[in-house]
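See below for the structure under consideration.
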Amino acid sequence: MLVFFSGTLLLATVYCVPRGADPNKANLYQGSQFHCADGSQSFPIEYVNDDYCDCKDGSDEPGTSACPNGSFYCVNKQFKGQLISSSRVDDGICDCCDGSDEIGGKCVNNCKELGAHIAEEAKKIRREQAIGFQTRLAYVTDGKAAKARRDQDIAAFAAEEEKLRS
C-alpha cells in the first residue's frame, strides 16, 4: 500500500487479521504458513480458526473456543479493545461490547454508548480534580499567609523581649 502524506511517500503494510486475533499480533497470521506464537510448530494458514486446537498455546484459534487456553480479542471500536478467554466465544453471551464474540448479529453493538459514558465519567473526575487542586492552592496560600503572620509575631515578641532585657 502506498500512502502520500505531506508530499512524502510512505510505505505501509496492511494486514488482514482473522476473527478474534489481537491486531498487535497480526504478523503471526500473514503468509501461507502459520507459526504458533510459542514457536512449537507450523502448518498451513488455512488451519487458523478451523475449530481445532493445533497449537499448545492456542494462538491458532483466536476466533473459536477450540483451545482451552486461547484468547479472543474484542476490537470494540469507539470504546477500548480487550482480551477475553476463548471459552467465552460463541457461547450465546455477549462479552464484547461490539458483539464480535458471537456470530450472527446476536449482540447489539453498544461500544459507542459505553465510550461516551466512560468519557463523561473521566470529565467528572477531571472537574473534581481541578476543584481539589484549586482548594489545595487556597490552603497553600492561606498557610503561607499564616506562616508570615506567625513569623512577624515571633519577630515582634523577640524585639519586645530584647527591649525588656535591656
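Numbering starts fresh at 1 for the residues of each chain in the C-alpha cells, the chains themselves are lettered A, B, ... in the order given, and ligands are numbered from 1 as they appear.
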
When you look at Cys55 of chain A with a cut-off of 9 Å (counting only C-alpha atoms), what residues show up, excluding the ones that are within fewer than 5 positions of it in the same chain? I need them as a PDB file with N, CA and C atoms, in the first residue's frame.
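File produced: around-v1.pdb:
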```pdb
ATOM      1  N   HIS A  35       2.757 -19.991  12.145  1.00  0.00           N
ATOM      2  CA  HIS A  35       3.696 -20.454  13.169  1.00  0.00           C
ATOM      3  C   HIS A  35       3.077 -20.137  14.534  1.00  0.00           C
ATOM      4  N   CYS A  36       2.927 -21.140  15.364  1.00  0.00           N
ATOM      5  CA  CYS A  36       2.379 -20.932  16.705  1.00  0.00           C
ATOM      6  C   CYS A  36       3.194 -19.854  17.414  1.00  0.00           C
ATOM      7  N   ALA A  37       2.530 -19.053  18.226  1.00  0.00           N
ATOM      8  CA  ALA A  37       3.197 -17.953  18.930  1.00  0.00           C
ATOM      9  C   ALA A  37       4.338 -18.454  19.799  1.00  0.00           C
ATOM     10  N   ASP A  38       4.218 -19.671  20.325  1.00  0.00           N
ATOM     11  CA  ASP A  38       5.291 -20.218  21.168  1.00  0.00           C
ATOM     12  C   ASP A  38       6.395 -20.875  20.343  1.00  0.00           C
ATOM     13  N   SER A  40       6.307 -23.610  18.656  1.00  0.00           N
ATOM     14  CA  SER A  40       6.350 -25.063  18.750  1.00  0.00           C
ATOM     15  C   SER A  40       6.125 -25.781  17.424  1.00  0.00           C
ATOM     16  N   GLN A  41       5.329 -25.191  16.518  1.00  0.00           N
ATOM     17  CA  GLN A  41       5.081 -25.847  15.237  1.00  0.00           C
ATOM     18  C   GLN A  41       4.537 -24.860  14.214  1.00  0.00           C
ATOM     19  N   SER A  42       4.461 -25.323  12.965  1.00  0.00           N
ATOM     20  CA  SER A  42       3.875 -24.514  11.900  1.00  0.00           C
ATOM     21  C   SER A  42       3.063 -25.416  10.988  1.00  0.00           C
ATOM     22  N   ASP A  60      -3.558 -20.479  17.322  1.00  0.00           N
ATOM     23  CA  ASP A  60      -4.143 -20.747  16.010  1.00  0.00           C
ATOM     24  C   ASP A  60      -5.670 -20.649  16.015  1.00  0.00           C
ATOM     25  N   GLU A  61      -6.262 -20.483  17.165  1.00  0.00           N
ATOM     26  CA  GLU A  61      -7.724 -20.421  17.259  1.00  0.00           C
ATOM     27  C   GLU A  61      -8.203 -19.179  18.000  1.00  0.00           C
ATOM     28  N   CYS A  67      -9.536 -23.979  21.790  1.00  0.00           N
ATOM     29  CA  CYS A  67      -8.381 -24.122  22.694  1.00  0.00           C
ATOM     30  C   CYS A  67      -8.752 -23.650  24.102  1.00  0.00           C
TER      31      CYS A  67
END
```

I want to know what sits within 10 Å of Gln78 of chain A, based on only C-alpha atoms, with residues of the same chain fewer than 5 positions away left out; could you give that as a CSV table (one decimal) with N, CA, C and O atoms, in the first residue's frame?
```csv
chain,number,residue,atom,x,y,z
A,97,CYS,N,-18.4,-5.5,23.8
A,97,CYS,CA,-19.4,-4.5,23.5
A,97,CYS,C,-19.8,-4.4,22.1
A,97,CYS,O,-20.9,-3.9,21.7
A,98,ASP,N,-18.9,-4.8,21.2
A,98,ASP,CA,-19.2,-4.8,19.7
A,98,ASP,C,-19.9,-6.1,19.3
A,98,ASP,O,-20.3,-6.2,18.1
A,110,ASN,N,-22.9,-1.8,21.5
A,110,ASN,CA,-23.1,-0.6,22.4
A,110,ASN,C,-21.8,0.0,22.8
A,110,ASN,O,-21.7,0.7,23.9
A,111,CYS,N,-20.7,-0.2,22.0
A,111,CYS,CA,-19.4,0.4,22.4
A,111,CYS,C,-19.5,1.9,22.4
A,111,CYS,O,-18.8,2.5,23.2
A,112,LYS,N,-20.2,2.5,21.4
A,112,LYS,CA,-20.2,4.0,21.4
A,112,LYS,C,-20.8,4.5,22.7
A,112,LYS,O,-20.3,5.5,23.2
A,113,GLU,N,-21.9,3.9,23.1
A,113,GLU,CA,-22.5,4.4,24.4
A,113,GLU,C,-21.6,4.2,25.6
A,113,GLU,O,-21.5,5.0,26.4
A,114,LEU,N,-21.0,3.0,25.6
A,114,LEU,CA,-20.0,2.8,26.7
A,114,LEU,C,-18.9,3.8,26.7
A,114,LEU,O,-18.4,4.3,27.7
A,115,GLY,N,-18.4,4.0,25.5
A,115,GLY,CA,-17.3,5.0,25.3
A,115,GLY,C,-17.7,6.4,25.8
A,115,GLY,O,-17.0,7.1,26.5
A,116,ALA,N,-18.9,6.8,25.4
A,116,ALA,CA,-19.5,8.1,25.8
A,116,ALA,C,-19.6,8.1,27.3
A,116,ALA,O,-19.3,9.2,28.0
```

With DSSP run on the backbone, what are the helix (DSSP H, G or I) residues within chain A? I'd like them as a VMD selection string. chain A and resid 23 to 29 45 to 47 86 to 88 111 to 165

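When only C-alpha atoms are used to measure the gap to Ser59 of chain A, the shortest distance among A:Gly104, A:Pro18, A:Gly81, A:Gly143 belongs to A:Pro18.
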
Provide the atom CA of Arg150 of chain A to atom CA of Glu162 of chain A distance in Å, to one decimal place. 18.1 Å

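The nearest approach to Pro68 of chain A among the residues A:Arg149, A:Lys163, A:Arg136, A:Arg88, with only C-alpha atoms taken into account, belongs to A:Arg88.
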
Would you work out the distance separating atom CA of Glu128 of chain A from atom CA of Asp142 of chain A, expressed in Å to one decimal?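 Atom CA of Asp142 of chain A lies at a distance of 20.9 Å from atom CA of Glu128 of chain A.
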
Among the residues A:Val75, A:Lys56, A:Gln129, A:Glu102, the one that comes closest to Ser87 of chain A [using only C-alpha atoms]: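 The answer is A:Glu102, which sits nearest to Ser87 of chain A.
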
Looking only at strand (DSSP E or B) from DSSP on the backbone, list the matching residues of segment 27-61 of chain A as a ChimeraX atom specification. /A:33-35,42-44

Just-selected residues, N, CA and C atoms written as a PDB file, in the first residue's frame:
```
ATOM      1  N   GLN A  33       2.064 -19.995   5.669  1.00  0.00           N
ATOM      2  CA  GLN A  33       2.290 -20.865   6.813  1.00  0.00           C
ATOM      3  C   GLN A  33       2.003 -20.104   8.106  1.00  0.00           C
ATOM      4  N   PHE A  34       1.383 -20.771   9.044  1.00  0.00           N
ATOM      5  CA  PHE A  34       1.148 -20.196  10.364  1.00  0.00           C
ATOM      6  C   PHE A  34       2.146 -20.824  11.326  1.00  0.00           C
ATOM      7  N   HIS A  35       2.757 -19.991  12.145  1.00  0.00           N
ATOM      8  CA  HIS A  35       3.696 -20.454  13.169  1.00  0.00           C
ATOM      9  C   HIS A  35       3.077 -20.137  14.534  1.00  0.00           C
ATOM     10  N   SER A  42       4.461 -25.323  12.965  1.00  0.00           N
ATOM     11  CA  SER A  42       3.875 -24.514  11.900  1.00  0.00           C
ATOM     12  C   SER A  42       3.063 -25.416  10.988  1.00  0.00           C
ATOM     13  N   PHE A  43       2.111 -24.823  10.296  1.00  0.00           N
ATOM     14  CA  PHE A  43       1.206 -25.551   9.415  1.00  0.00           C
ATOM     15  C   PHE A  43       0.535 -24.553   8.485  1.00  0.00           C
ATOM     16  N   PRO A  44      -0.237 -25.012   7.498  1.00  0.00           N
ATOM     17  CA  PRO A  44      -0.866 -24.088   6.547  1.00  0.00           C
ATOM     18  C   PRO A  44      -1.794 -23.087   7.243  1.00  0.00           C
TER      19      PRO A  44
END
```

Would you work out the distance separating atom CA of Arg19 of chain A from atom CA of Pro62 of chain A, expressed in Å to one decimal?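 Straight-line distance from atom CA of Arg19 of chain A to atom CA of Pro62 of chain A works out to 6.7 Å.
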
Set the distance at 8 Å and use only C-alpha atoms: which residues neighbour Tyr73 of chain A once local chain neighbours fewer than 3 positions away are removed? I'd like the list as a VMD selection string. chain A and resid 20 to 22 62 81 to 84

Output for the residues just chosen: N, CA, C and O atoms as a compact mmCIF listing (two decimals), in the first residue's frame:
```txt
# COMPACT_ATOMS: atom_id res chain seq x y z
N GLY A 20 -11.00 -12.49 16.01
CA GLY A 20 -10.54 -12.74 17.36
C GLY A 20 -9.06 -12.55 17.60
O GLY A 20 -8.60 -12.66 18.72
N ALA A 21 -8.29 -12.26 16.53
CA ALA A 21 -6.84 -12.10 16.70
C ALA A 21 -6.52 -10.69 17.17
O ALA A 21 -7.11 -9.72 16.71
N ASP A 22 -5.56 -10.59 18.07
CA ASP A 22 -5.08 -9.30 18.55
C ASP A 22 -4.37 -8.59 17.41
O ASP A 22 -3.44 -9.15 16.82
N PRO A 62 -7.84 -17.97 17.52
CA PRO A 62 -8.28 -16.77 18.24
C PRO A 62 -9.79 -16.53 18.12
O PRO A 62 -10.37 -15.88 18.99
N GLY A 81 -10.26 -1.90 23.20
CA GLY A 81 -10.09 -3.32 22.93
C GLY A 81 -9.84 -4.09 24.21
O GLY A 81 -9.39 -3.54 25.21
N GLN A 82 -10.17 -5.37 24.17
CA GLN A 82 -9.96 -6.21 25.35
C GLN A 82 -9.78 -7.66 24.94
O GLN A 82 -10.30 -8.10 23.91
N LEU A 83 -9.04 -8.39 25.74
CA LEU A 83 -8.88 -9.83 25.54
C LEU A 83 -9.82 -10.56 26.48
O LEU A 83 -9.93 -10.21 27.66
N ILE A 84 -10.50 -11.56 25.94
CA ILE A 84 -11.34 -12.42 26.78
C ILE A 84 -10.89 -13.86 26.54
O ILE A 84 -10.25 -14.17 25.55
```
